[in-house]
$ cat upload-v1.tsv   # TSV, C-alpha atoms
chain	number	residue	atom	x	y	z
U	1	MET	CA	-18.42	-7.21	-14.88
U	2	SER	CA	-16.02	-7.61	-17.76
U	3	GLU	CA	-12.35	-7.90	-16.92
U	4	TRP	CA	-9.82	-5.74	-18.74
U	5	ILE	CA	-7.88	-8.81	-19.81
U	6	ASP	CA	-10.92	-10.15	-21.68
U	7	GLU	CA	-10.85	-7.13	-23.98
U	8	VAL	CA	-7.35	-8.01	-25.16
U	9	GLY	CA	-7.11	-9.88	-28.44
U	10	PHE	CA	-4.57	-12.67	-28.61
U	11	ASP	CA	-3.62	-14.25	-31.93
U	12	ASP	CA	-4.05	-17.87	-33.01
U	13	ASN	CA	-1.00	-18.76	-30.93
U	14	GLY	CA	-2.46	-17.00	-27.90
U	15	LEU	CA	0.06	-14.18	-28.19
U	16	ILE	CA	0.06	-10.39	-28.52
U	17	PRO	CA	3.03	-8.18	-29.49
U	18	ALA	CA	4.20	-5.86	-26.72
U	19	ILE	CA	6.38	-2.83	-27.41
U	20	ALA	CA	8.57	-1.52	-24.60
U	21	GLN	CA	9.24	2.21	-24.76
U	22	ASP	CA	11.50	4.18	-22.45
U	23	ALA	CA	9.23	6.35	-20.31
U	24	GLU	CA	11.76	9.18	-20.15
U	25	SER	CA	13.35	9.37	-23.59
U	26	GLY	CA	10.54	7.84	-25.63
U	27	ARG	CA	13.00	5.52	-27.33
U	28	ILE	CA	11.56	2.21	-28.47
U	29	LEU	CA	13.60	-0.42	-26.68
U	30	MET	CA	12.24	-3.72	-27.95
U	31	LEU	CA	9.27	-5.72	-29.05
U	32	ALA	CA	8.48	-9.05	-27.46
U	33	TRP	CA	5.40	-11.24	-27.13
U	34	MET	CA	2.97	-11.88	-24.31
U	35	ASN	CA	0.41	-14.51	-23.62
U	36	ARG	CA	-2.52	-13.95	-21.31
U	37	GLU	CA	-0.65	-15.09	-18.23
U	38	SER	CA	2.37	-12.89	-18.91
U	39	LEU	CA	0.20	-9.82	-19.45
U	40	LEU	CA	-1.66	-10.49	-16.21
U	41	LEU	CA	1.66	-10.90	-14.38
U	42	THR	CA	3.01	-7.70	-15.96
U	43	ALA	CA	0.00	-5.75	-14.71
U	44	GLU	CA	0.22	-7.35	-11.28
U	45	LYS	CA	3.97	-6.85	-10.73
U	46	MET	CA	4.28	-3.74	-12.88
U	47	GLU	CA	7.41	-5.32	-14.30
U	48	ALA	CA	7.56	-6.65	-17.84
U	49	VAL	CA	6.90	-10.37	-18.14
U	50	TYR	CA	6.95	-11.71	-21.70
U	51	TRP	CA	6.39	-15.09	-23.30
U	52	SER	CA	9.60	-16.40	-24.82
U	53	ARG	CA	8.69	-18.02	-28.12
U	54	SER	CA	12.13	-19.62	-28.49
U	55	ARG	CA	12.14	-21.08	-24.98
U	56	GLN	CA	8.37	-21.55	-24.78
U	57	ARG	CA	8.13	-20.27	-21.24
U	58	LEU	CA	7.38	-17.15	-19.23
U	59	TRP	CA	10.26	-14.68	-19.37
U	60	HIS	CA	10.48	-12.16	-16.55
U	61	LYS	CA	12.63	-9.61	-18.35
U	62	GLY	CA	15.85	-9.10	-16.42
U	63	GLU	CA	15.64	-12.41	-14.55
U	64	GLU	CA	19.20	-13.26	-15.65
U	65	SER	CA	20.64	-9.89	-16.63
U	66	GLY	CA	19.10	-7.78	-13.89
U	67	HIS	CA	17.78	-5.54	-16.66
U	68	VAL	CA	14.27	-5.46	-15.29
U	69	GLN	CA	11.68	-3.16	-16.87
U	70	LYS	CA	9.61	-1.23	-14.35
U	71	VAL	CA	6.27	-0.59	-15.97
U	72	LYS	CA	4.85	2.93	-15.67
U	73	GLU	CA	1.91	2.54	-18.02
U	74	ILE	CA	0.19	-0.14	-20.10
U	75	ARG	CA	-1.65	0.84	-23.28
U	76	PHE	CA	-3.38	-1.06	-26.02
U	77	ASP	CA	-4.50	-0.06	-29.47
U	78	CYS	CA	-7.74	0.52	-31.33
U	79	ASP	CA	-7.76	-3.05	-32.65
U	80	GLU	CA	-6.97	-4.39	-29.18
U	81	ASP	CA	-4.17	-6.56	-30.47
U	82	VAL	CA	-0.99	-4.64	-29.60
U	83	ILE	CA	0.36	-3.60	-26.18
U	84	VAL	CA	2.67	-0.68	-25.40
U	85	LEU	CA	4.55	-0.63	-22.12
U	86	SER	CA	6.05	2.61	-20.93
U	87	VAL	CA	9.02	1.47	-18.86
U	88	GLU	CA	11.96	2.47	-16.74
U	89	GLN	CA	14.78	0.28	-18.03
U	90	MET	CA	17.01	-0.93	-15.21
U	91	GLY	CA	20.70	-0.75	-16.16
U	92	GLY	CA	19.81	1.29	-19.24
U	93	ILE	CA	20.15	-1.84	-21.37
U	94	ALA	CA	17.22	-3.62	-22.99
U	95	CYS	CA	19.01	-5.58	-25.72
U	96	HIS	CA	20.75	-8.92	-25.23
U	97	THR	CA	23.64	-7.51	-27.30
U	98	GLY	CA	24.37	-5.09	-24.44
U	99	ARG	CA	22.87	-2.05	-26.13
U	100	GLU	CA	20.20	0.31	-24.85
U	101	SER	CA	17.73	-0.62	-27.56
U	102	CYS	CA	17.31	-3.60	-29.86
U	103	PHE	CA	16.81	-1.11	-32.70
U	104	TYR	CA	20.46	-0.17	-33.09
U	105	ARG	CA	20.63	-0.37	-36.87
U	106	LYS	CA	19.14	1.94	-39.43
U	107	LEU	CA	18.85	1.72	-43.18
U	108	GLU	CA	21.21	4.08	-44.94
U	109	ASN	CA	22.03	4.03	-48.64
U	110	GLY	CA	20.81	0.47	-48.98
U	111	ARG	CA	22.71	-0.89	-46.00
U	112	TRP	CA	21.95	-1.54	-42.34
U	113	VAL	CA	24.25	0.72	-40.35
U	114	GLU	CA	24.90	0.38	-36.60
U	115	THR	CA	24.18	3.57	-34.71
U	116	ASP	CA	24.60	2.42	-31.12
U	117	ALA	CA	27.65	1.22	-29.25
U	118	VAL	CA	27.59	-1.77	-26.92
U	119	ILE	CA	27.28	-0.46	-23.36
U	120	LYS	CA	28.18	-3.71	-21.65
U	121	ASP	CA	29.69	-6.91	-23.03
U	122	PRO	CA	27.01	-9.63	-23.08
U	123	ALA	CA	29.61	-12.00	-21.60
U	124	ASP	CA	29.53	-9.82	-18.50
U	125	ILE	CA	25.75	-9.60	-18.49
U	126	TYR	CA	24.93	-13.30	-18.74
U	127	LYS	CA	27.30	-15.22	-16.50
W	1	MET	CA	26.51	-8.47	-52.68
W	2	SER	CA	23.77	-9.09	-50.16
W	3	GLU	CA	20.76	-6.84	-50.30
W	4	TRP	CA	19.46	-5.20	-47.14
W	5	ILE	CA	16.03	-6.73	-47.68
W	6	ASP	CA	17.49	-10.23	-47.53
W	7	GLU	CA	18.61	-9.63	-43.95
W	8	VAL	CA	15.03	-9.00	-42.86
W	9	GLY	CA	13.22	-11.93	-41.30
W	10	PHE	CA	9.61	-12.44	-42.27
W	11	ASP	CA	7.38	-14.83	-40.35
W	12	ASP	CA	5.61	-17.95	-41.64
W	13	ASN	CA	3.02	-15.70	-43.26
W	14	GLY	CA	5.70	-13.62	-44.93
W	15	LEU	CA	5.06	-10.70	-42.59
W	16	ILE	CA	7.00	-8.53	-40.15
W	17	PRO	CA	5.53	-6.13	-37.57
W	18	ALA	CA	6.30	-2.46	-38.23
W	19	ILE	CA	5.96	0.17	-35.52
W	20	ALA	CA	5.36	3.77	-36.59
W	21	GLN	CA	6.74	6.36	-34.19
W	22	ASP	CA	6.34	10.11	-34.48
W	23	ALA	CA	9.76	11.51	-35.37
W	24	GLU	CA	9.19	14.69	-33.40
W	25	SER	CA	7.34	13.68	-30.25
W	26	GLY	CA	8.47	10.07	-30.04
W	27	ARG	CA	4.89	8.94	-29.55
W	28	ILE	CA	4.12	5.45	-30.81
W	29	LEU	CA	1.37	5.91	-33.37
W	30	MET	CA	0.51	2.40	-34.51
W	31	LEU	CA	1.73	-1.06	-35.34
W	32	ALA	CA	0.92	-2.65	-38.66
W	33	TRP	CA	2.37	-5.45	-40.76
W	34	MET	CA	4.57	-5.50	-43.83
W	35	ASN	CA	5.44	-8.12	-46.38
W	36	ARG	CA	8.61	-7.98	-48.44
W	37	GLU	CA	7.02	-5.92	-51.19
W	38	SER	CA	5.55	-3.34	-48.84
W	39	LEU	CA	8.87	-2.88	-47.03
W	40	LEU	CA	10.65	-2.40	-50.35
W	41	LEU	CA	8.03	0.13	-51.41
W	42	THR	CA	8.31	1.94	-48.08
W	43	ALA	CA	12.07	2.30	-48.51
W	44	GLU	CA	11.67	3.39	-52.11
W	45	LYS	CA	8.93	5.99	-51.56
W	46	MET	CA	9.93	6.86	-48.00
W	47	GLU	CA	6.24	6.71	-47.20
W	48	ALA	CA	4.74	3.92	-45.12
W	49	VAL	CA	3.26	1.07	-47.13
W	50	TYR	CA	1.85	-1.79	-45.08
W	51	TRP	CA	0.22	-5.11	-45.83
W	52	SER	CA	-3.40	-5.11	-44.78
W	53	ARG	CA	-4.11	-8.50	-43.26
W	54	SER	CA	-7.86	-7.91	-43.26
W	55	ARG	CA	-7.99	-6.79	-46.88
W	56	GLN	CA	-5.08	-8.97	-48.02
W	57	ARG	CA	-3.54	-6.24	-50.13
W	58	LEU	CA	-0.91	-3.53	-50.07
W	59	TRP	CA	-2.01	-0.55	-48.03
W	60	HIS	CA	-0.35	2.75	-48.76
W	61	LYS	CA	-1.12	4.46	-45.48
W	62	GLY	CA	-3.16	7.58	-46.12
W	63	GLU	CA	-4.39	6.47	-49.55
W	64	GLU	CA	-7.99	7.18	-48.50
W	65	SER	CA	-7.58	9.49	-45.53
W	66	GLY	CA	-4.67	11.57	-46.76
W	67	HIS	CA	-2.92	10.69	-43.51
W	68	VAL	CA	0.30	9.67	-45.21
W	69	GLN	CA	3.34	8.83	-43.11
W	70	LYS	CA	6.55	10.40	-44.40
W	71	VAL	CA	9.36	8.11	-43.35
W	72	LYS	CA	12.43	9.72	-41.83
W	73	GLU	CA	14.23	6.59	-40.75
W	74	ILE	CA	13.87	2.81	-40.96
W	75	ARG	CA	15.32	0.62	-38.20
W	76	PHE	CA	15.24	-3.06	-37.44
W	77	ASP	CA	16.07	-5.01	-34.33
W	78	CYS	CA	18.71	-7.44	-33.12
W	79	ASP	CA	16.59	-10.43	-34.13
W	80	GLU	CA	15.86	-8.86	-37.50
W	81	ASP	CA	12.16	-9.48	-37.20
W	82	VAL	CA	10.69	-6.11	-36.20
W	83	ILE	CA	10.76	-2.78	-38.08
W	84	VAL	CA	10.54	0.73	-36.58
W	85	LEU	CA	9.62	3.64	-38.81
W	86	SER	CA	10.31	7.15	-37.62
W	87	VAL	CA	7.63	9.19	-39.36
W	88	GLU	CA	6.12	12.58	-39.92
W	89	GLN	CA	2.39	11.95	-39.64
W	90	MET	CA	0.43	14.00	-42.16
W	91	GLY	CA	-2.70	15.50	-40.62
W	92	GLY	CA	-1.48	14.55	-37.15
W	93	ILE	CA	-3.80	11.54	-37.19
W	94	ALA	CA	-2.62	7.94	-37.47
W	95	CYS	CA	-5.65	6.10	-36.10
W	96	HIS	CA	-8.76	5.21	-38.08
W	97	THR	CA	-10.79	6.42	-35.10
W	98	GLY	CA	-9.59	9.97	-35.84
W	99	ARG	CA	-7.06	10.10	-33.02
W	100	GLU	CA	-3.36	10.90	-33.19
W	101	SER	CA	-2.30	7.46	-32.01
W	102	CYS	CA	-3.95	4.04	-31.97
W	103	PHE	CA	-2.76	3.71	-28.38
W	104	TYR	CA	-5.36	6.00	-26.86
W	105	ARG	CA	-6.30	3.79	-23.93
W	106	LYS	CA	-4.33	2.97	-20.83
W	107	LEU	CA	-4.91	0.53	-18.04
W	108	GLU	CA	-5.98	2.23	-14.82
W	109	ASN	CA	-7.35	0.51	-11.76
W	110	GLY	CA	-8.27	-2.56	-13.77
W	111	ARG	CA	-10.02	-0.68	-16.56
W	112	TRP	CA	-9.02	0.61	-20.01
W	113	VAL	CA	-9.39	4.38	-19.85
W	114	GLU	CA	-9.41	6.67	-22.90
W	115	THR	CA	-6.77	9.38	-22.70
W	116	ASP	CA	-7.05	10.95	-26.16
W	117	ALA	CA	-9.86	12.88	-27.75
W	118	VAL	CA	-10.96	12.32	-31.34
W	119	ILE	CA	-9.36	15.03	-33.49
W	120	LYS	CA	-11.49	14.45	-36.55
W	121	ASP	CA	-14.68	12.45	-37.01
W	122	PRO	CA	-13.93	9.31	-39.04
W	123	ALA	CA	-17.05	10.05	-41.08
W	124	ASP	CA	-15.24	13.16	-42.31
W	125	ILE	CA	-11.99	11.30	-42.91
W	126	TYR	CA	-13.32	8.41	-44.99
W	127	LYS	CA	-15.87	9.74	-47.43
$ encode --input "upload-v1.tsv" --output "structure tokens"
Amino acid sequence: MSEWIDEVGFDDNGLIPAIAQDAESGRILMLAWMNRESLLLTAEKMEAVYWSRSRQRLWHKGEESGHVQKVKEIRFDCDEDVIVLSVEQMGGIACHTGRESCFYRKLENGRWVETDAVIKDPADIYK
Amino acid sequence: MSEWIDEVGFDDNGLIPAIAQDAESGRILMLAWMNRESLLLTAEKMEAVYWSRSRQRLWHKGEESGHVQKVKEIRFDCDEDVIVLSVEQMGGIACHTGRESCFYRKLENGRWVETDAVIKDPADIYK
């Protein structure tokens, strides 16, 4: 019997991009990367576990900040090389800058304009 | 004066992942890749232009299918290495399988289960 994980395509670095989307509002919160182990752990715990490329280790989202992502649904795409997590974002903050979403800037008249305020000072998040 | 495009981080292959999200429903439609030129063209035309990794050429989404993506908004993230496009999806079909979204399968009891019907037979889309 084939396992679901064997249908997932990882890239040459053994990684797959994973998009986290707020299950309620539909807002896209962030994109991070997963390796096979982190995707298996995500499905097991139903909490987002990514692979930190900068730190080269498993990253249980919220492990420092408390901003855990409870996973409601896991999807993958037609090419089997992108994951979408539908999540409940603990604390309402996904971004390390203290904002709800990492996508807090939009292009307007040839400039990146901030659209979201900081909800919580990162200095108070990461102590 | 710094140009907005110079703030965007492309990876070692000169690419950045771009997520297309339906502007109305919030549904995530697909993820594709852009190089610098395709992102510039997207902002200029306000229609999604990706870089096809398989065909190694610019890919004006909908050029064959008619399923153009009208871009309402372009965002990027805190790390400046992911793009989100808020789009109006022409024809209501983003996926080459003839479905609204490429994310038409979810994980359920250890299996990938299809949740979306085909709206239009691909044989009728790509003639």
$ residues_around --input "upload-v1.tsv" --residues "region 78-84 of chain U" --least-positions-apart "2" --cutoff "10 Å" --atoms "all atoms listed in the file" --output "PyMOL selection string"
(chain U and resi 7-11+15-21+28+31-34+39+73-76+86-87) or (chain W and resi 28+30-32+95-97+99+101-106)
$ calpha_fit_and_write --input "upload-v1.tsv" --fixed "chain W" --moving "chain U" --output "PDB file with C-alpha atoms, in the frame of the given file"
ATOM      1  CA  MET U   1      26.531  -8.441 -52.660  1.00  0.00           C
ATOM      2  CA  SER U   2      23.794  -9.081 -50.148  1.00  0.00           C
ATOM      3  CA  GLU U   3      20.756  -6.842 -50.298  1.00  0.00           C
ATOM      4  CA  TRP U   4      19.460  -5.203 -47.133  1.00  0.00           C
ATOM      5  CA  ILE U   5      16.033  -6.714 -47.683  1.00  0.00           C
ATOM      6  CA  ASP U   6      17.496 -10.231 -47.533  1.00  0.00           C
ATOM      7  CA  GLU U   7      18.603  -9.629 -43.951  1.00  0.00           C
ATOM      8  CA  VAL U   8      15.018  -9.011 -42.863  1.00  0.00           C
ATOM      9  CA  GLY U   9      13.220 -11.940 -41.281  1.00  0.00           C
ATOM     10  CA  PHE U  10       9.611 -12.441 -42.275  1.00  0.00           C
ATOM     11  CA  ASP U  11       7.370 -14.837 -40.361  1.00  0.00           C
ATOM     12  CA  ASP U  12       5.614 -17.948 -41.663  1.00  0.00           C
ATOM     13  CA  ASN U  13       3.005 -15.699 -43.261  1.00  0.00           C
ATOM     14  CA  GLY U  14       5.709 -13.626 -44.935  1.00  0.00           C
ATOM     15  CA  LEU U  15       5.056 -10.700 -42.612  1.00  0.00           C
ATOM     16  CA  ILE U  16       6.995  -8.521 -40.170  1.00  0.00           C
ATOM     17  CA  PRO U  17       5.519  -6.130 -37.571  1.00  0.00           C
ATOM     18  CA  ALA U  18       6.291  -2.469 -38.225  1.00  0.00           C
ATOM     19  CA  ILE U  19       5.956   0.178 -35.526  1.00  0.00           C
ATOM     20  CA  ALA U  20       5.357   3.769 -36.601  1.00  0.00           C
ATOM     21  CA  GLN U  21       6.741   6.362 -34.204  1.00  0.00           C
ATOM     22  CA  ASP U  22       6.339  10.115 -34.488  1.00  0.00           C
ATOM     23  CA  ALA U  23       9.764  11.504 -35.369  1.00  0.00           C
ATOM     24  CA  GLU U  24       9.192  14.700 -33.397  1.00  0.00           C
ATOM     25  CA  SER U  25       7.333  13.680 -30.250  1.00  0.00           C
ATOM     26  CA  GLY U  26       8.473  10.067 -30.030  1.00  0.00           C
ATOM     27  CA  ARG U  27       4.893   8.937 -29.550  1.00  0.00           C
ATOM     28  CA  ILE U  28       4.126   5.453 -30.815  1.00  0.00           C
ATOM     29  CA  LEU U  29       1.381   5.915 -33.372  1.00  0.00           C
ATOM     30  CA  MET U  30       0.529   2.404 -34.512  1.00  0.00           C
ATOM     31  CA  LEU U  31       1.730  -1.046 -35.341  1.00  0.00           C
ATOM     32  CA  ALA U  32       0.923  -2.630 -38.670  1.00  0.00           C
ATOM     33  CA  TRP U  33       2.381  -5.435 -40.767  1.00  0.00           C
ATOM     34  CA  MET U  34       4.583  -5.496 -43.836  1.00  0.00           C
ATOM     35  CA  ASN U  35       5.444  -8.094 -46.376  1.00  0.00           C
ATOM     36  CA  ARG U  36       8.599  -7.961 -48.442  1.00  0.00           C
ATOM     37  CA  GLU U  37       7.022  -5.916 -51.201  1.00  0.00           C
ATOM     38  CA  SER U  38       5.554  -3.338 -48.830  1.00  0.00           C
ATOM     39  CA  LEU U  39       8.872  -2.875 -47.040  1.00  0.00           C
ATOM     40  CA  LEU U  40      10.664  -2.411 -50.354  1.00  0.00           C
ATOM     41  CA  LEU U  41       8.038   0.137 -51.427  1.00  0.00           C
ATOM     42  CA  THR U  42       8.314   1.941 -48.076  1.00  0.00           C
ATOM     43  CA  ALA U  43      12.070   2.290 -48.513  1.00  0.00           C
ATOM     44  CA  GLU U  44      11.683   3.379 -52.124  1.00  0.00           C
ATOM     45  CA  LYS U  45       8.943   5.987 -51.573  1.00  0.00           C
ATOM     46  CA  MET U  46       9.926   6.858 -48.015  1.00  0.00           C
ATOM     47  CA  GLU U  47       6.234   6.705 -47.207  1.00  0.00           C
ATOM     48  CA  ALA U  48       4.747   3.917 -45.124  1.00  0.00           C
ATOM     49  CA  VAL U  49       3.274   1.071 -47.147  1.00  0.00           C
ATOM     50  CA  TYR U  50       1.861  -1.788 -45.073  1.00  0.00           C
ATOM     51  CA  TRP U  51       0.243  -5.116 -45.847  1.00  0.00           C
ATOM     52  CA  SER U  52      -3.392  -5.116 -44.789  1.00  0.00           C
ATOM     53  CA  ARG U  53      -4.109  -8.506 -43.262  1.00  0.00           C
ATOM     54  CA  SER U  54      -7.873  -7.904 -43.245  1.00  0.00           C
ATOM     55  CA  ARG U  55      -7.997  -6.793 -46.878  1.00  0.00           C
ATOM     56  CA  GLN U  56      -5.084  -8.961 -48.012  1.00  0.00           C
ATOM     57  CA  ARG U  57      -3.549  -6.252 -50.141  1.00  0.00           C
ATOM     58  CA  LEU U  58      -0.906  -3.541 -50.088  1.00  0.00           C
ATOM     59  CA  TRP U  59      -2.014  -0.558 -48.018  1.00  0.00           C
ATOM     60  CA  HIS U  60      -0.340   2.755 -48.774  1.00  0.00           C
ATOM     61  CA  LYS U  61      -1.112   4.449 -45.472  1.00  0.00           C
ATOM     62  CA  GLY U  62      -3.150   7.577 -46.114  1.00  0.00           C
ATOM     63  CA  GLU U  63      -4.375   6.472 -49.546  1.00  0.00           C
ATOM     64  CA  GLU U  64      -7.978   7.187 -48.493  1.00  0.00           C
ATOM     65  CA  SER U  65      -7.575   9.490 -45.506  1.00  0.00           C
ATOM     66  CA  GLY U  66      -4.674  11.572 -46.763  1.00  0.00           C
ATOM     67  CA  HIS U  67      -2.915  10.683 -43.515  1.00  0.00           C
ATOM     68  CA  VAL U  68       0.291   9.668 -45.217  1.00  0.00           C
ATOM     69  CA  GLN U  69       3.356   8.831 -43.120  1.00  0.00           C
ATOM     70  CA  LYS U  70       6.560  10.394 -44.404  1.00  0.00           C
ATOM     71  CA  VAL U  71       9.364   8.100 -43.370  1.00  0.00           C
ATOM     72  CA  LYS U  72      12.454   9.723 -41.851  1.00  0.00           C
ATOM     73  CA  GLU U  73      14.246   6.577 -40.753  1.00  0.00           C
ATOM     74  CA  ILE U  74      13.868   2.797 -40.958  1.00  0.00           C
ATOM     75  CA  ARG U  75      15.317   0.610 -38.206  1.00  0.00           C
ATOM     76  CA  PHE U  76      15.236  -3.066 -37.439  1.00  0.00           C
ATOM     77  CA  ASP U  77      16.049  -5.016 -34.326  1.00  0.00           C
ATOM     78  CA  CYS U  78      18.692  -7.433 -33.117  1.00  0.00           C
ATOM     79  CA  ASP U  79      16.578 -10.435 -34.122  1.00  0.00           C
ATOM     80  CA  GLU U  80      15.864  -8.860 -37.508  1.00  0.00           C
ATOM     81  CA  ASP U  81      12.158  -9.481 -37.205  1.00  0.00           C
ATOM     82  CA  VAL U  82      10.698  -6.102 -36.200  1.00  0.00           C
ATOM     83  CA  ILE U  83      10.767  -2.772 -38.073  1.00  0.00           C
ATOM     84  CA  VAL U  84      10.540   0.721 -36.584  1.00  0.00           C
ATOM     85  CA  LEU U  85       9.620   3.630 -38.816  1.00  0.00           C
ATOM     86  CA  SER U  86      10.310   7.132 -37.621  1.00  0.00           C
ATOM     87  CA  VAL U  87       7.633   9.177 -39.370  1.00  0.00           C
ATOM     88  CA  GLU U  88       6.120  12.573 -39.934  1.00  0.00           C
ATOM     89  CA  GLN U  89       2.387  11.950 -39.638  1.00  0.00           C
ATOM     90  CA  MET U  90       0.427  13.992 -42.163  1.00  0.00           C
ATOM     91  CA  GLY U  91      -2.713  15.505 -40.613  1.00  0.00           C
ATOM     92  CA  GLY U  92      -1.473  14.540 -37.153  1.00  0.00           C
ATOM     93  CA  ILE U  93      -3.805  11.538 -37.193  1.00  0.00           C
ATOM     94  CA  ALA U  94      -2.619   7.947 -37.474  1.00  0.00           C
ATOM     95  CA  CYS U  95      -5.646   6.096 -36.092  1.00  0.00           C
ATOM     96  CA  HIS U  96      -8.759   5.208 -38.077  1.00  0.00           C
ATOM     97  CA  THR U  97     -10.796   6.424 -35.078  1.00  0.00           C
ATOM     98  CA  GLY U  98      -9.590   9.967 -35.828  1.00  0.00           C
ATOM     99  CA  ARG U  99      -7.057  10.104 -33.014  1.00  0.00           C
ATOM    100  CA  GLU U 100      -3.361  10.906 -33.176  1.00  0.00           C
ATOM    101  CA  SER U 101      -2.310   7.463 -32.014  1.00  0.00           C
ATOM    102  CA  CYS U 102      -3.965   4.056 -31.974  1.00  0.00           C
ATOM    103  CA  PHE U 103      -2.766   3.715 -28.373  1.00  0.00           C
ATOM    104  CA  TYR U 104      -5.367   6.005 -26.840  1.00  0.00           C
ATOM    105  CA  ARG U 105      -6.318   3.795 -23.912  1.00  0.00           C
ATOM    106  CA  LYS U 106      -4.342   2.981 -20.823  1.00  0.00           C
ATOM    107  CA  LEU U 107      -4.918   0.534 -18.017  1.00  0.00           C
ATOM    108  CA  GLU U 108      -5.956   2.242 -14.817  1.00  0.00           C
ATOM    109  CA  ASN U 109      -7.352   0.516 -11.745  1.00  0.00           C
ATOM    110  CA  GLY U 110      -8.284  -2.549 -13.750  1.00  0.00           C
ATOM    111  CA  ARG U 111     -10.020  -0.683 -16.550  1.00  0.00           C
ATOM    112  CA  TRP U 112      -9.050   0.615 -19.981  1.00  0.00           C
ATOM    113  CA  VAL U 113      -9.392   4.386 -19.837  1.00  0.00           C
ATOM    114  CA  GLU U 114      -9.410   6.673 -22.898  1.00  0.00           C
ATOM    115  CA  THR U 115      -6.777   9.374 -22.703  1.00  0.00           C
ATOM    116  CA  ASP U 116      -7.062  10.941 -26.146  1.00  0.00           C
ATOM    117  CA  ALA U 117      -9.874  12.876 -27.755  1.00  0.00           C
ATOM    118  CA  VAL U 118     -10.968  12.316 -31.341  1.00  0.00           C
ATOM    119  CA  ILE U 119      -9.355  15.018 -33.482  1.00  0.00           C
ATOM    120  CA  LYS U 120     -11.498  14.445 -36.544  1.00  0.00           C
ATOM    121  CA  ASP U 121     -14.695  12.448 -37.003  1.00  0.00           C
ATOM    122  CA  PRO U 122     -13.920   9.305 -39.028  1.00  0.00           C
ATOM    123  CA  ALA U 123     -17.049  10.046 -41.083  1.00  0.00           C
ATOM    124  CA  ASP U 124     -15.254  13.150 -42.314  1.00  0.00           C
ATOM    125  CA  ILE U 125     -12.004  11.298 -42.902  1.00  0.00           C
ATOM    126  CA  TYR U 126     -13.324   8.409 -44.984  1.00  0.00           C
ATOM    127  CA  LYS U 127     -15.883   9.748 -47.429  1.00  0.00           C
TER     128      LYS U 127
END
$ closest_residue --input "upload-v1.tsv" --among "U:Lys61, U:Lys72, U:His67, U:Arg36" --to "chain W" --atoms "all atoms listed in the file"
U:Lys72
$ atom_distance --input "upload-v1.tsv" --atom1 "CA of Asn35 (chain U)" --atom2 "CA of Ser65 (chain U)"
21.9 Å
$ atom_distance --input "upload-v1.tsv" --atom1 "CA of Thr115 (chain W)" --atom2 "CA of Glu100 (chain W)"
11.1 Å
$ residues_around --input "upload-v1.tsv" --residues "Leu58 (chain W)" --least-positions-apart "2" --cutoff "10 Å" --atoms "only C-alpha atoms" --output "ChimeraX atom specification"
/W:34-35,37-38,41,49-53,55-56,60-61
$ write_last_selection --input "upload-v1.tsv" --atoms "C-alpha atoms" --output "mmCIF file, keeping the file's coordinate frame"
data_model
loop_
_atom_site.group_PDB
_atom_site.id
_atom_site.type_symbol
_atom_site.label_atom_id
_atom_site.label_comp_id
_atom_site.auth_asym_id
_atom_site.auth_seq_id
_atom_site.Cartn_x
_atom_site.Cartn_y
_atom_site.Cartn_z
ATOM 1 C CA MET W 34 4.570 -5.500 -43.830
ATOM 2 C CA ASN W 35 5.440 -8.120 -46.380
ATOM 3 C CA GLU W 37 7.020 -5.920 -51.190
ATOM 4 C CA SER W 38 5.550 -3.340 -48.840
ATOM 5 C CA LEU W 41 8.030 0.130 -51.410
ATOM 6 C CA VAL W 49 3.260 1.070 -47.130
ATOM 7 C CA TYR W 50 1.850 -1.790 -45.080
ATOM 8 C CA TRP W 51 0.220 -5.110 -45.830
ATOM 9 C CA SER W 52 -3.400 -5.110 -44.780
ATOM 10 C CA ARG W 53 -4.110 -8.500 -43.260
ATOM 11 C CA ARG W 55 -7.990 -6.790 -46.880
ATOM 12 C CA GLN W 56 -5.080 -8.970 -48.020
ATOM 13 C CA HIS W 60 -0.350 2.750 -48.760
ATOM 14 C CA LYS W 61 -1.120 4.460 -45.480
#
$ atom_distance --input "upload-v1.tsv" --atom1 "CA of Met90 (chain U)" --atom2 "CA of Glu44 (chain U)"
18.4 Å
$ residues_near_point --input "upload-v1.tsv" --point "(9.4, 13.0, -31.1)" --cutoff "10 Å" --atoms "only C-alpha atoms" --output "list in words"
Ser25, Gly26 and Arg27 of chain U; Gln21, Asp22, Ala23, Glu24, Ser25, Gly26, Arg27, Ile28, Ser86, Val87 and Glu88 of chain W
$ closest_residue --input "upload-v1.tsv" --among "U:Glu47, U:Asp77, U:Glu64, U:Glu3" --to "chain W" --atoms "all atoms listed in the file"
U:Asp77
$ closest_residue --input "upload-v1.tsv" --among "W:Trp4, W:Trp59, W:Gly98, W:Arg111" --to "Ala123 (chain W)" --atoms "only C-alpha atoms"
W:Gly98
$ closest_residue --input "upload-v1.tsv" --among "U:Leu107, U:Val71, U:Ala48, U:Ala117" --to "chain W" --atoms "only C-alpha atoms"
U:Leu107
